[in-house]
>>> print(open('my_file.txt').read())   # compact mmCIF, C-alpha atoms
# COMPACT_ATOMS: atom_id res chain seq x y z
CA MET A 1 8.57 0.76 -0.22
CA VAL A 2 9.40 3.93 -2.17
CA GLU A 3 9.35 5.92 1.06
CA LEU A 4 11.72 3.39 2.64
CA ASN A 5 14.08 3.57 -0.36
CA PHE A 6 14.14 7.36 -0.12
CA ALA A 7 14.64 7.30 3.68
CA ARG A 8 11.40 9.22 4.20
CA VAL A 9 10.07 6.67 6.67
CA ARG A 10 11.72 4.34 9.11
CA PRO A 11 8.90 2.21 10.51
CA GLU A 12 9.50 0.30 13.73
CA ALA A 13 8.09 -2.82 12.17
CA VAL A 14 6.89 -3.99 8.78
CA MET A 15 4.46 -6.85 8.29
CA ASP A 16 4.38 -8.85 5.06
CA LEU A 17 0.86 -9.99 4.22
CA THR A 18 1.63 -11.35 0.76
CA ARG A 19 1.80 -14.91 2.07
CA VAL A 20 -1.59 -14.95 3.77
CA PRO A 21 -3.49 -17.21 1.35
CA GLU A 22 -6.94 -16.00 2.46
CA LEU A 23 -6.10 -12.51 1.21
CA ARG A 24 -5.35 -13.87 -2.25
CA GLU A 25 -8.68 -15.63 -2.81
CA TRP A 26 -11.90 -14.50 -4.41
CA GLY A 27 -15.31 -16.11 -4.64
CA THR A 28 -19.03 -15.42 -4.46
CA GLU A 29 -21.02 -14.73 -1.31
CA ASN A 30 -24.78 -14.21 -1.37
CA GLY A 31 -24.73 -13.17 -5.00
CA ARG A 32 -21.84 -10.75 -4.60
CA LEU A 33 -18.15 -11.20 -5.30
CA ARG A 34 -15.86 -11.20 -2.30
CA VAL A 35 -12.37 -10.35 -3.51
CA GLY A 36 -9.37 -10.68 -1.19
CA ALA A 37 -7.43 -7.47 -0.60
CA GLY A 38 -4.22 -9.13 -1.77
CA ILE A 39 -5.41 -9.83 -5.32
CA THR A 40 -3.06 -8.09 -7.75
CA TYR A 41 -4.17 -5.89 -10.65
CA THR A 42 -2.80 -8.52 -13.04
CA ARG A 43 -5.16 -11.09 -11.49
CA VAL A 44 -8.13 -8.70 -11.55
CA ILE A 45 -7.57 -8.24 -15.29
CA ARG A 46 -7.05 -11.94 -16.00
CA GLU A 47 -9.54 -13.56 -13.64
CA LEU A 48 -12.26 -10.96 -13.07
CA GLY A 49 -12.30 -9.02 -16.34
CA ASP A 50 -15.65 -10.48 -17.39
CA ARG A 51 -17.36 -10.04 -14.01
CA LEU A 52 -15.91 -6.64 -13.10
CA PRO A 53 -15.12 -4.98 -16.44
CA GLY A 54 -14.88 -1.44 -15.03
CA LEU A 55 -12.39 -2.45 -12.33
CA ALA A 56 -10.40 -4.44 -14.91
CA MET A 57 -10.26 -1.42 -17.23
CA ALA A 58 -9.02 0.73 -14.37
CA SER A 59 -6.49 -1.95 -13.40
CA ARG A 60 -5.04 -1.93 -16.92
CA THR A 61 -4.21 1.76 -16.48
CA VAL A 62 -2.20 1.20 -13.30
CA GLY A 63 1.60 1.59 -13.58
CA SER A 64 3.30 -1.03 -15.71
CA PRO A 65 3.25 -4.84 -15.95
CA GLN A 66 5.84 -5.00 -13.15
CA ILE A 67 3.70 -2.79 -10.91
CA ARG A 68 0.43 -4.59 -11.73
CA ASN A 69 2.11 -7.89 -10.82
CA ARG A 70 2.67 -6.64 -7.26
CA GLY A 71 0.13 -3.88 -6.64
CA THR A 72 -3.24 -4.79 -5.15
CA VAL A 73 -6.71 -3.29 -4.92
CA GLY A 74 -6.36 -3.60 -1.13
CA GLY A 75 -3.29 -1.39 -1.31
CA ASN A 76 -5.16 1.15 -3.43
CA LEU A 77 -7.92 1.23 -0.82
CA GLY A 78 -5.47 1.59 2.06
CA THR A 79 -3.62 4.44 0.35
CA ALA A 80 -6.95 6.22 -0.30
CA SER A 81 -5.39 8.58 -2.79
CA PRO A 82 -7.97 10.71 -4.63
CA ALA A 83 -6.21 9.44 -7.78
CA GLY A 84 -6.50 5.74 -6.87
CA ASP A 85 -7.56 4.08 -10.12
CA ALA A 86 -9.47 1.22 -8.49
CA LEU A 87 -11.68 3.53 -6.45
CA PRO A 88 -14.16 5.02 -8.98
CA PRO A 89 -15.15 1.56 -10.28
CA LEU A 90 -15.79 0.44 -6.69
CA TYR A 91 -17.85 3.58 -5.97
CA VAL A 92 -20.13 3.13 -8.99
CA SER A 93 -20.83 -0.48 -7.98
CA ASP A 94 -21.52 0.43 -4.33
CA ALA A 95 -18.73 -1.82 -3.12
CA GLU A 96 -18.11 -2.52 0.55
CA VAL A 97 -14.73 -2.78 2.21
CA GLU A 98 -14.21 -5.59 4.72
CA LEU A 99 -12.06 -4.76 7.74
CA ALA A 100 -10.79 -7.53 9.99
CA SER A 101 -9.30 -7.50 13.47
CA VAL A 102 -9.19 -9.80 16.50
CA GLU A 103 -12.53 -8.23 17.47
CA GLY A 104 -14.13 -9.59 14.30
CA THR A 105 -14.93 -8.20 10.89
CA ARG A 106 -17.04 -5.28 9.74
CA ARG A 107 -18.02 -4.01 6.33
CA VAL A 108 -18.05 -0.36 5.34
CA PRO A 109 -19.43 1.18 2.12
CA VAL A 110 -16.44 2.35 0.09
CA ALA A 111 -17.66 5.97 0.06
CA GLU A 112 -17.63 5.94 3.88
CA PHE A 113 -14.36 4.04 4.01
CA VAL A 114 -12.45 6.77 2.15
CA LYS A 115 -12.55 9.74 4.54
CA ALA A 116 -10.13 12.27 3.07
CA PRO A 117 -6.93 12.27 1.02
CA LYS A 118 -4.96 9.27 2.34
CA ARG A 119 -7.31 8.83 5.32
CA THR A 120 -9.60 5.85 5.75
CA ALA A 121 -12.04 4.50 8.31
CA THR A 122 -9.59 1.74 9.24
CA ASN A 123 -8.80 1.56 12.95
CA PRO A 124 -5.19 0.94 13.98
CA GLU A 125 -5.86 -2.69 14.89
CA GLU A 126 -7.72 -3.49 11.67
CA LEU A 127 -6.53 -4.66 8.29
CA ILE A 128 -8.31 -4.49 4.96
CA SER A 129 -9.19 -8.10 4.23
CA ALA A 130 -11.44 -7.89 1.15
CA PHE A 131 -13.96 -5.90 -0.82
CA LEU A 132 -17.45 -6.97 -1.80
CA VAL A 133 -19.04 -5.95 -5.04
CA PRO A 134 -21.87 -7.21 -7.25
CA GLU A 135 -20.98 -8.64 -10.64
CA ALA A 136 -21.59 -6.14 -13.43
CA GLY A 137 -25.23 -6.19 -14.53
CA GLY A 138 -24.52 -3.98 -17.53
CA PRO A 139 -21.77 -2.12 -19.37
CA GLN A 140 -19.04 -0.41 -17.37
CA GLN A 141 -16.35 2.06 -18.37
CA TYR A 142 -13.27 3.67 -16.91
CA ALA A 143 -11.39 6.52 -18.58
CA LYS A 144 -8.32 8.33 -17.37
CA ILE A 145 -6.31 11.34 -18.46
CA GLY A 146 -2.54 11.44 -18.20
CA PRO A 147 0.48 12.50 -20.21
CA ARG A 148 1.18 8.96 -21.44
CA ASN A 149 -0.37 5.52 -21.37
CA ALA A 150 1.83 3.93 -18.72
CA MET A 151 3.17 4.87 -15.31
CA VAL A 152 0.76 7.74 -14.90
CA ILE A 153 -1.05 9.07 -11.88
CA ALA A 154 -4.42 10.24 -13.16
CA VAL A 155 -4.78 13.93 -13.92
CA CYS A 156 -8.45 13.06 -13.60
CA SER A 157 -10.53 9.99 -14.29
CA LEU A 158 -14.08 8.74 -14.46
CA GLY A 159 -15.74 5.45 -13.61
CA LEU A 160 -19.19 4.70 -14.99
CA ALA A 161 -21.60 1.81 -14.62
CA VAL A 162 -24.91 1.19 -16.35
CA HIS A 163 -27.17 -0.81 -14.02
CA PRO A 164 -30.13 -2.09 -16.13
CA GLU A 165 -31.30 -4.27 -13.22
CA ARG A 166 -32.04 -1.24 -11.07
CA LYS A 167 -32.46 1.24 -13.91
CA GLU A 168 -29.63 3.51 -12.87
CA VAL A 169 -26.46 4.94 -14.31
CA CYS A 170 -23.71 5.69 -11.78
CA ALA A 171 -20.71 7.94 -12.35
CA CYS A 172 -17.75 8.63 -10.08
CA ILE A 173 -15.07 11.27 -10.56
CA GLY A 174 -11.47 10.39 -9.71
CA SER A 175 -8.56 12.74 -8.99
CA ALA A 176 -10.66 15.91 -9.09
CA GLY A 177 -11.55 16.29 -5.43
CA PRO A 178 -10.27 15.26 -1.99
CA THR A 179 -11.85 11.82 -2.45
CA PRO A 180 -13.55 10.12 -5.37
CA ILE A 181 -16.90 11.87 -5.88
CA ARG A 182 -20.18 10.35 -7.07
CA ALA A 183 -21.87 12.72 -9.50
CA CYS A 184 -25.36 12.36 -8.01
CA GLU A 185 -27.09 15.15 -9.93
CA ALA A 186 -25.77 13.85 -13.24
CA GLU A 187 -26.95 10.37 -12.26
CA ASP A 188 -30.44 11.65 -11.40
CA PHE A 189 -30.62 13.65 -14.59
CA ILE A 190 -29.74 10.78 -16.90
CA ARG A 191 -31.99 8.34 -15.04
CA GLY A 192 -34.84 10.77 -15.67
CA VAL A 193 -34.05 11.06 -19.38
CA ILE A 194 -33.79 7.30 -19.88
CA GLU A 195 -37.00 6.66 -17.95
CA GLU A 196 -39.00 9.42 -19.63
CA GLU A 197 -38.10 8.20 -23.09
CA GLY A 198 -38.48 4.53 -22.22
CA LEU A 199 -34.94 3.80 -23.30
CA TRP A 200 -34.34 0.90 -20.90
CA GLU A 201 -36.96 -1.05 -22.85
CA SER A 202 -36.50 0.36 -26.37
CA ARG A 203 -32.70 0.43 -26.11
CA GLY A 204 -32.93 3.57 -28.19
CA GLU A 205 -30.25 6.15 -28.70
CA LEU A 206 -29.35 8.71 -26.03
CA ALA A 207 -29.62 12.19 -27.54
CA GLU A 208 -26.39 14.15 -27.98
CA ALA A 209 -27.89 16.94 -25.87
CA ALA A 210 -28.53 14.53 -22.99
CA LEU A 211 -24.97 13.25 -23.13
CA GLY A 212 -23.71 16.83 -23.16
CA ARG A 213 -25.85 17.84 -20.18
CA PHE A 214 -24.69 14.74 -18.31
CA GLY A 215 -21.09 15.84 -18.88
CA GLU A 216 -21.83 19.36 -17.65
CA LEU A 217 -23.40 18.05 -14.46
CA VAL A 218 -20.41 15.78 -13.82
CA SER A 219 -18.12 18.82 -14.29
CA GLU A 220 -20.21 20.71 -11.76
CA ALA A 221 -19.77 17.91 -9.21
CA ALA A 222 -15.96 18.05 -9.42
CA ARG A 223 -14.05 19.78 -6.63
CA PRO A 224 -10.51 19.81 -8.01
CA ILE A 225 -7.38 21.64 -6.97
CA SER A 226 -4.59 22.88 -9.24
CA ASP A 227 -1.33 21.00 -8.82
CA VAL A 228 1.65 19.77 -10.82
CA ARG A 229 -0.50 17.35 -12.80
CA GLY A 230 -3.13 19.82 -13.97
CA THR A 231 -5.14 22.92 -13.19
CA ALA A 232 -8.53 22.88 -11.52
CA ALA A 233 -10.11 24.39 -14.64
CA TYR A 234 -8.66 21.68 -16.87
CA ARG A 235 -9.80 18.91 -14.54
CA THR A 236 -13.29 20.35 -14.30
CA HIS A 237 -13.57 20.49 -18.08
CA ALA A 238 -11.92 17.12 -18.69
CA VAL A 239 -14.09 15.06 -16.30
CA GLY A 240 -17.13 16.36 -18.17
CA VAL A 241 -15.67 15.20 -21.47
CA LEU A 242 -14.82 11.80 -19.98
CA ALA A 243 -18.34 11.51 -18.60
CA ARG A 244 -19.98 12.32 -21.91
CA ARG A 245 -17.77 9.89 -23.80
CA THR A 246 -17.92 7.00 -21.33
CA LEU A 247 -21.71 7.26 -21.10
CA GLY A 248 -21.91 7.22 -24.91
CA TRP A 249 -19.71 4.12 -25.12
CA ALA A 250 -21.50 2.29 -22.31
CA TRP A 251 -24.95 3.17 -23.64
CA ASN A 252 -24.03 1.97 -27.13
CA GLU A 253 -22.86 -1.29 -25.59
CA TYR A 254 -26.20 -1.57 -23.77
CA ARG A 255 -27.98 -1.02 -27.08
CA GLY A 256 -26.14 -4.03 -28.44
CA GLY A 257 -23.72 -2.36 -30.80
CA ILE A 258 -20.27 -1.05 -30.00
CA MET B 259 18.25 -10.45 9.73
CA ARG B 260 19.31 -13.56 7.86
CA LEU B 261 17.89 -14.11 4.40
CA ASN B 262 17.63 -17.40 2.52
CA LEU B 263 16.60 -17.47 -1.09
CA THR B 264 17.30 -19.21 -4.36
CA VAL B 265 18.95 -16.95 -6.89
CA ASN B 266 19.47 -18.18 -10.44
CA GLY B 267 19.03 -21.77 -9.28
CA GLU B 268 21.56 -21.48 -6.45
CA GLN B 269 20.67 -21.52 -2.77
CA ARG B 270 22.00 -18.31 -1.21
CA GLU B 271 22.18 -17.15 2.38
CA THR B 272 23.12 -13.69 3.55
CA ASP B 273 23.42 -12.26 7.05
CA GLY B 274 23.01 -8.80 8.47
CA VAL B 275 20.29 -7.74 6.04
CA TRP B 276 18.56 -4.59 7.28
CA GLU B 277 14.79 -5.09 7.51
CA GLY B 278 14.08 -2.06 5.32
CA GLU B 279 16.36 -3.18 2.52
CA SER B 280 15.12 -3.85 -1.01
CA LEU B 281 15.64 -7.09 -2.87
CA LEU B 282 17.58 -5.04 -5.43
CA TYR B 283 20.08 -3.95 -2.78
CA VAL B 284 20.55 -7.53 -1.61
CA LEU B 285 21.14 -8.76 -5.17
CA ARG B 286 23.63 -6.03 -6.05
CA GLU B 287 25.44 -5.28 -2.83
CA ARG B 288 25.29 -8.55 -0.90
CA LEU B 289 25.14 -11.24 -3.54
CA GLY B 290 27.42 -9.66 -6.14
CA LEU B 291 24.86 -9.59 -8.96
CA PRO B 292 25.10 -6.10 -10.46
CA GLY B 293 23.16 -6.93 -13.64
CA SER B 294 19.92 -5.56 -12.21
CA LYS B 295 20.40 -1.81 -12.23
CA ASN B 296 19.63 0.69 -9.52
CA ALA B 297 18.21 3.88 -10.95
CA CYS B 298 14.92 5.34 -9.79
CA GLU B 299 14.23 3.20 -6.70
CA GLN B 300 10.52 3.87 -7.16
CA GLY B 301 9.39 1.42 -9.82
CA GLU B 302 9.34 4.01 -12.61
CA CYS B 303 12.21 2.81 -14.78
CA GLY B 304 12.14 -1.00 -14.81
CA SER B 305 15.93 -1.29 -14.89
CA CYS B 306 15.86 -3.55 -11.82
CA SER B 307 13.34 -6.02 -13.34
CA VAL B 308 13.76 -9.62 -12.11
CA TYR B 309 11.56 -12.68 -11.76
CA LEU B 310 10.27 -13.34 -8.26
CA ASP B 311 8.75 -16.82 -8.16
CA GLY B 312 8.30 -16.58 -11.91
CA ILE B 313 6.60 -13.17 -11.87
CA LEU B 314 8.17 -10.06 -13.39
CA VAL B 315 8.70 -7.43 -10.69
CA CYS B 316 10.74 -4.34 -9.94
CA SER B 317 13.21 -5.64 -7.37
CA CYS B 318 13.51 -2.15 -5.88
CA LEU B 319 9.88 -2.42 -4.76
CA VAL B 320 10.27 -5.81 -3.07
CA LEU B 321 11.29 -5.73 0.56
CA ALA B 322 14.18 -8.18 0.90
CA GLY B 323 12.37 -10.10 3.62
CA GLN B 324 9.45 -10.71 1.27
CA ALA B 325 11.78 -12.77 -0.91
CA GLU B 326 12.68 -15.17 1.96
CA GLY B 327 12.42 -18.71 0.61
CA SER B 328 11.57 -17.46 -2.86
CA GLU B 329 13.11 -18.14 -6.20
CA VAL B 330 14.67 -15.14 -7.89
CA VAL B 331 15.95 -15.12 -11.46
CA THR B 332 18.02 -12.14 -12.58
CA VAL B 333 19.34 -11.03 -15.96
CA GLU B 334 22.56 -12.90 -15.18
CA ALA B 335 20.70 -16.19 -15.69
CA VAL B 336 18.95 -15.23 -18.92
CA SER B 337 21.97 -16.29 -20.94
CA GLY B 338 22.88 -19.95 -20.62
CA ASP B 339 26.08 -21.95 -20.86
CA SER B 340 25.70 -21.93 -24.63
CA GLY B 341 25.97 -18.16 -24.83
CA LEU B 342 23.52 -15.34 -25.26
CA HIS B 343 19.79 -15.89 -25.12
CA PRO B 344 17.97 -15.19 -28.43
CA VAL B 345 16.50 -12.03 -26.85
CA GLN B 346 20.00 -10.80 -26.04
CA GLU B 347 21.26 -11.71 -29.51
CA ALA B 348 18.41 -9.73 -31.02
CA PHE B 349 19.32 -6.68 -28.91
CA VAL B 350 22.93 -6.91 -30.13
CA GLU B 351 21.95 -7.38 -33.77
CA ALA B 352 19.39 -4.58 -33.78
CA GLY B 353 21.76 -2.12 -32.11
CA ALA B 354 19.23 -1.78 -29.31
CA VAL B 355 21.96 -0.93 -26.80
CA GLN B 356 23.22 2.62 -26.44
CA CYS B 357 24.62 3.44 -23.00
CA GLY B 358 23.40 0.00 -21.92
CA PHE B 359 22.04 0.95 -18.50
CA CYS B 360 18.41 0.09 -19.26
CA THR B 361 19.31 -3.00 -21.29
CA PRO B 362 19.18 -5.63 -18.52
CA GLY B 363 15.68 -4.51 -17.55
CA PHE B 364 14.50 -4.49 -21.16
CA VAL B 365 16.01 -7.95 -21.72
CA VAL B 366 14.18 -9.42 -18.72
CA ALA B 367 10.89 -7.68 -19.61
CA THR B 368 11.14 -8.88 -23.23
CA HIS B 369 11.98 -12.38 -22.03
CA ASP B 370 8.82 -12.30 -19.88
CA LEU B 371 6.68 -11.01 -22.75
CA LEU B 372 7.82 -13.65 -25.25
CA ARG B 373 7.42 -16.57 -22.89
CA ARG B 374 3.83 -15.47 -22.18
CA ASN B 375 3.06 -14.35 -25.71
CA PRO B 376 5.45 -15.63 -28.42
CA GLU B 377 3.77 -13.62 -31.17
CA PRO B 378 2.89 -10.26 -29.66
CA SER B 379 1.19 -7.51 -31.63
CA GLU B 380 2.79 -4.08 -31.84
CA ALA B 381 0.44 -2.78 -29.14
CA GLU B 382 1.19 -5.75 -26.89
CA VAL B 383 4.94 -5.14 -27.21
CA ARG B 384 4.54 -1.49 -26.29
CA GLU B 385 2.30 -2.35 -23.36
CA ALA B 386 4.69 -5.04 -22.07
CA LEU B 387 7.66 -2.66 -22.16
CA ALA B 388 5.78 0.38 -20.88
CA GLY B 389 7.42 0.03 -17.46
CA ASN B 390 10.97 0.27 -18.81
CA LEU B 391 12.61 3.59 -19.59
CA CYS B 392 15.55 4.22 -21.95
CA ARG B 393 16.97 7.69 -21.27
CA CYS B 394 19.01 7.48 -24.49
CA THR B 395 15.54 7.27 -26.09
CA GLY B 396 16.60 4.30 -28.21
CA TYR B 397 13.10 2.89 -28.34
CA GLU B 398 12.84 2.26 -32.07
CA LYS B 399 15.79 -0.10 -32.05
CA ILE B 400 14.58 -1.73 -28.86
CA LEU B 401 11.25 -2.40 -30.57
CA ASP B 402 13.16 -3.74 -33.59
CA ALA B 403 15.02 -6.10 -31.27
CA VAL B 404 11.80 -7.39 -29.73
CA ARG B 405 10.27 -8.00 -33.18
CA ARG B 406 13.47 -9.75 -34.23
CA ALA B 407 13.45 -11.98 -31.14
CA ALA B 408 9.77 -12.78 -31.63
CA ALA B 409 10.27 -13.56 -35.32
CA ARG B 410 12.98 -16.00 -34.36
CA GLY B 411 10.22 -17.80 -32.50
CA GLU B 412 12.44 -19.59 -30.05
CA ASP B 413 10.89 -20.32 -26.72
CA ALA B 414 12.60 -18.87 -23.74
CA PRO B 415 14.36 -21.52 -21.64
CA ARG B 416 12.60 -20.58 -18.40
>>> encode(input="my_file.txt", output="structure tokens")
Amino acid sequence: MVELNFARVRPEAVMDLTRVPELREWGTENGRLRVGAGITYTRVIRELGDRLPGLAMASRTVGSPQIRNRGTVGGNLGTASPAGDALPPLYVSDAEVELASVEGTRRVPVAEFVKAPKRTATNPEELISAFLVPEAGGPQQYAKIGPRNAMVIAVCSLGLAVHPERKEVCACIGSAGPTPIRACEAEDFIRGVIEEEGLWESRGELAEAALGRFGELVSEAARPISDVRGTAAYRTHAVGVLARRTLGWAWNEYRGGI
Amino acid sequence: MRLNLTVNGEQRETDGVWEGESLLYVLRERLGLPGSKNACEQGECGSCSVYLDGILVCSCLVLAGQAEGSEVVTVEAVSGDSGLHPVQEAFVEAGAVQCGFCTPGFVVATHDLLRRNPEPSEAEVREALAGNLCRCTGYEKILDAVRRAAARGEDAPR
């Protein structure tokens, strides 16, 4: 719509999907949530905040109330911006994107769906109909850096999910690479620490040094560029800080205190 | 294209609407309702805030055709026959109007906040108005006006 207002695009046709009721529904399917692509951020926050806390936290950082009332997770997926706030939470929960066409529907893991900046695996005849994601099995966090609280495109961001059911911690970097990036080495490292010290069972404290090393490994996974919003060096540093902090918060929540 | 919609309780029809036109353009240029302001045209400033089927939106980001058959309420309908709405009165009393360009958007956004949440906390006020910009930077008085309107505790008519 912005591009239309600024006469940057003049599409031959525009299709309004906001009135397709199926795109505005969510429910459960084989133990996972299936969320219609047309669900707004406002509805994610209000209706799914308890089941998908990380996605709800990210949704709260999007634009303004006016924007959250119209903007959808499906739109965020279709845009496939490296700074898309909804993407890191979907990555850390291994979400799948459902694509529908007259040929039928297919489901693609979100990390395969996002191909490159603003490029997705969607074929021309397909539309994004939904995403599928398990309900949170443990604490989730989303943190974002920007010059103010509202109306900000992330300088960089981080989504994190603690998965006690499969004894894993997943972290995904936003806006510091061509696509969101899962920090696999950091994930492996912290899984090892937690396992070695029996922390899943004892719910003991995570050592400061382990949190720090986790942050360093997340920084190493970043592949940022310098642009108007921030330098590559700043982004590299900042995602590490976000990772250390969000893991600390999420782990404390897992331990039962906040 | 022909567009039918209800604006401020009145059934309106307008012809010759270009398919790429925003709802804001239709309101201002075709329906003679200049209260909603046209500034950034990218959803940054909130000065074009209206209700679309009861939901607060930036009308510059709504394609006119998407509003077909919908109910739109603009700042023009916030005041009633009996005069200013309590939110508007509070803006006047607090001196929350400088150049006045952002005021319609702030009035509609405040109206939306107080009908959802009649006793908002400071943080909730700031969050609710985060999508509205005042380039005179008169935010302190705007916040005073919102507190004043909330303290008055009158429910919004819509």
>>> closest_residue(input="my_file.txt", among="A:Ala250, A:Leu158, A:Ala100, A:Val108", to="A:Ala86", atoms="only C-alpha atoms")
A:Leu158
>>> closest_atom_pairs(input="my_file.txt", of="chain B", to="chain A", cutoff="6 Å", atoms="all atoms listed in the file", output="tab-separated table")
residue	atom	partner	partner_atom	distance
B:Gln300	CA	A:Val2	CA	5.1
B:Leu314	CA	A:Gln66	CA	5.6
B:Val315	CA	A:Gln66	CA	4.5
B:Cys316	CA	A:Gln66	CA	5.9
B:Leu319	CA	A:Met1	CA	5.7
B:Ala388	CA	A:Ala150	CA	5.7
B:Gly389	CA	A:Ser64	CA	4.6
>>> atom_distance(input="my_file.txt", atom1="atom CA of B:Glu398", atom2="atom CA of A:Ser59")
27.2 Å
>>> atom_distance(input="my_file.txt", atom1="atom CA of B:Cys318", atom2="atom CA of B:Asp339")
27.8 Å
>>> atom_distance(input="my_file.txt", atom1="atom CA of B:Pro292", atom2="atom CA of B:Arg405")
27.2 Å
>>> residues_around(input="my_file.txt", residues="A:Glu96", least_positions_apart="4", cutoff="7 Å", atoms="all atoms listed in the file", output="number ranges by chain")
A: 107-110, 131-133
>>> residues_around(input="my_file.txt", residues="A:Ser101", least_positions_apart="2", cutoff="7 Å", atoms="only C-alpha atoms", output="mmCIF file with C-alpha atoms, in the coordinates of the input")
data_model
loop_
_atom_site.group_PDB
_atom_site.id
_atom_site.type_symbol
_atom_site.label_atom_id
_atom_site.label_comp_id
_atom_site.auth_asym_id
_atom_site.auth_seq_id
_atom_site.Cartn_x
_atom_site.Cartn_y
_atom_site.Cartn_z
ATOM 1 C CA LEU A 99 -12.060 -4.760 7.740
ATOM 2 C CA GLU A 103 -12.530 -8.230 17.470
ATOM 3 C CA GLY A 104 -14.130 -9.590 14.300
ATOM 4 C CA THR A 105 -14.930 -8.200 10.890
ATOM 5 C CA GLU A 125 -5.860 -2.690 14.890
ATOM 6 C CA GLU A 126 -7.720 -3.490 11.670
ATOM 7 C CA LEU A 127 -6.530 -4.660 8.290
#
>>> residues_around(input="my_file.txt", residues="stretch 230-237 of chain A", least_positions_apart="6", cutoff="9 Å", atoms="all atoms listed in the file", output="PyMOL selection string")
chain A and resi 155-157+175-176+215-216+218-224
>>> residues_around(input="my_file.txt", residues="A:Ala209", least_positions_apart="3", cutoff="12 Å", atoms="all atoms listed in the file", output="number ranges by chain")
A: 190, 193, 205-206, 212-216, 244, 248
>>> residues_around(input="my_file.txt", residues="B:Glu279", least_positions_apart="3", cutoff="9 Å", atoms="only C-alpha atoms", output="MDAnalysis selection string")
(chainID A and resid 4:5) or (chainID B and resid 275:276 282:284 318 320:323)
>>> closest_residue(input="my_file.txt", among="B:Val345, B:Cys392, B:Val355, B:Leu263", to="B:Arg410", atoms="only C-alpha atoms")
B:Val345
>>> closest_residue(input="my_file.txt", among="A:Ser81, A:Thr28, A:Ser93, A:Thr42", to="A:Gln141", atoms="only C-alpha atoms")
A:Ser93
>>> decode(input="my_file.txt", residues="stretch 76-87 of chain A", atoms="N, CA and C atoms", output="compact mmCIF listing (two decimals), in the first residue's frame")
# COMPACT_ATOMS: atom_id res chain seq x y z
N ASN A 76 3.95 -10.74 7.00
CA ASN A 76 5.35 -10.74 7.41
C ASN A 76 6.11 -11.86 6.72
N LEU A 77 5.47 -13.02 6.61
CA LEU A 77 6.09 -14.16 5.92
C LEU A 77 6.27 -13.83 4.44
N GLY A 78 5.23 -13.30 3.82
CA GLY A 78 5.29 -13.01 2.38
C GLY A 78 6.34 -11.97 2.05
N THR A 79 6.51 -10.99 2.93
CA THR A 79 7.51 -9.94 2.70
C THR A 79 8.91 -10.51 2.85
N ALA A 80 9.07 -11.46 3.79
CA ALA A 80 10.36 -12.13 4.00
C ALA A 80 11.51 -11.15 4.20
N SER A 81 11.22 -10.06 4.90
CA SER A 81 12.31 -9.14 5.24
C SER A 81 13.18 -9.79 6.30
N PRO A 82 14.51 -9.59 6.23
CA PRO A 82 15.37 -10.12 7.30
C PRO A 82 14.98 -9.53 8.66
N ALA A 83 14.30 -8.37 8.64
CA ALA A 83 13.92 -7.70 9.88
C ALA A 83 12.50 -8.05 10.32
N GLY A 84 11.84 -8.97 9.63
CA GLY A 84 10.46 -9.33 9.98
C GLY A 84 10.39 -9.82 11.43
N ASP A 85 9.62 -9.13 12.26
CA ASP A 85 9.61 -9.46 13.68
C ASP A 85 9.01 -10.83 13.99
N ALA A 86 8.07 -11.29 13.17
CA ALA A 86 7.41 -12.56 13.47
C ALA A 86 8.30 -13.76 13.11
N LEU A 87 9.37 -13.51 12.35
CA LEU A 87 10.11 -14.66 11.81
C LEU A 87 10.97 -15.39 12.85
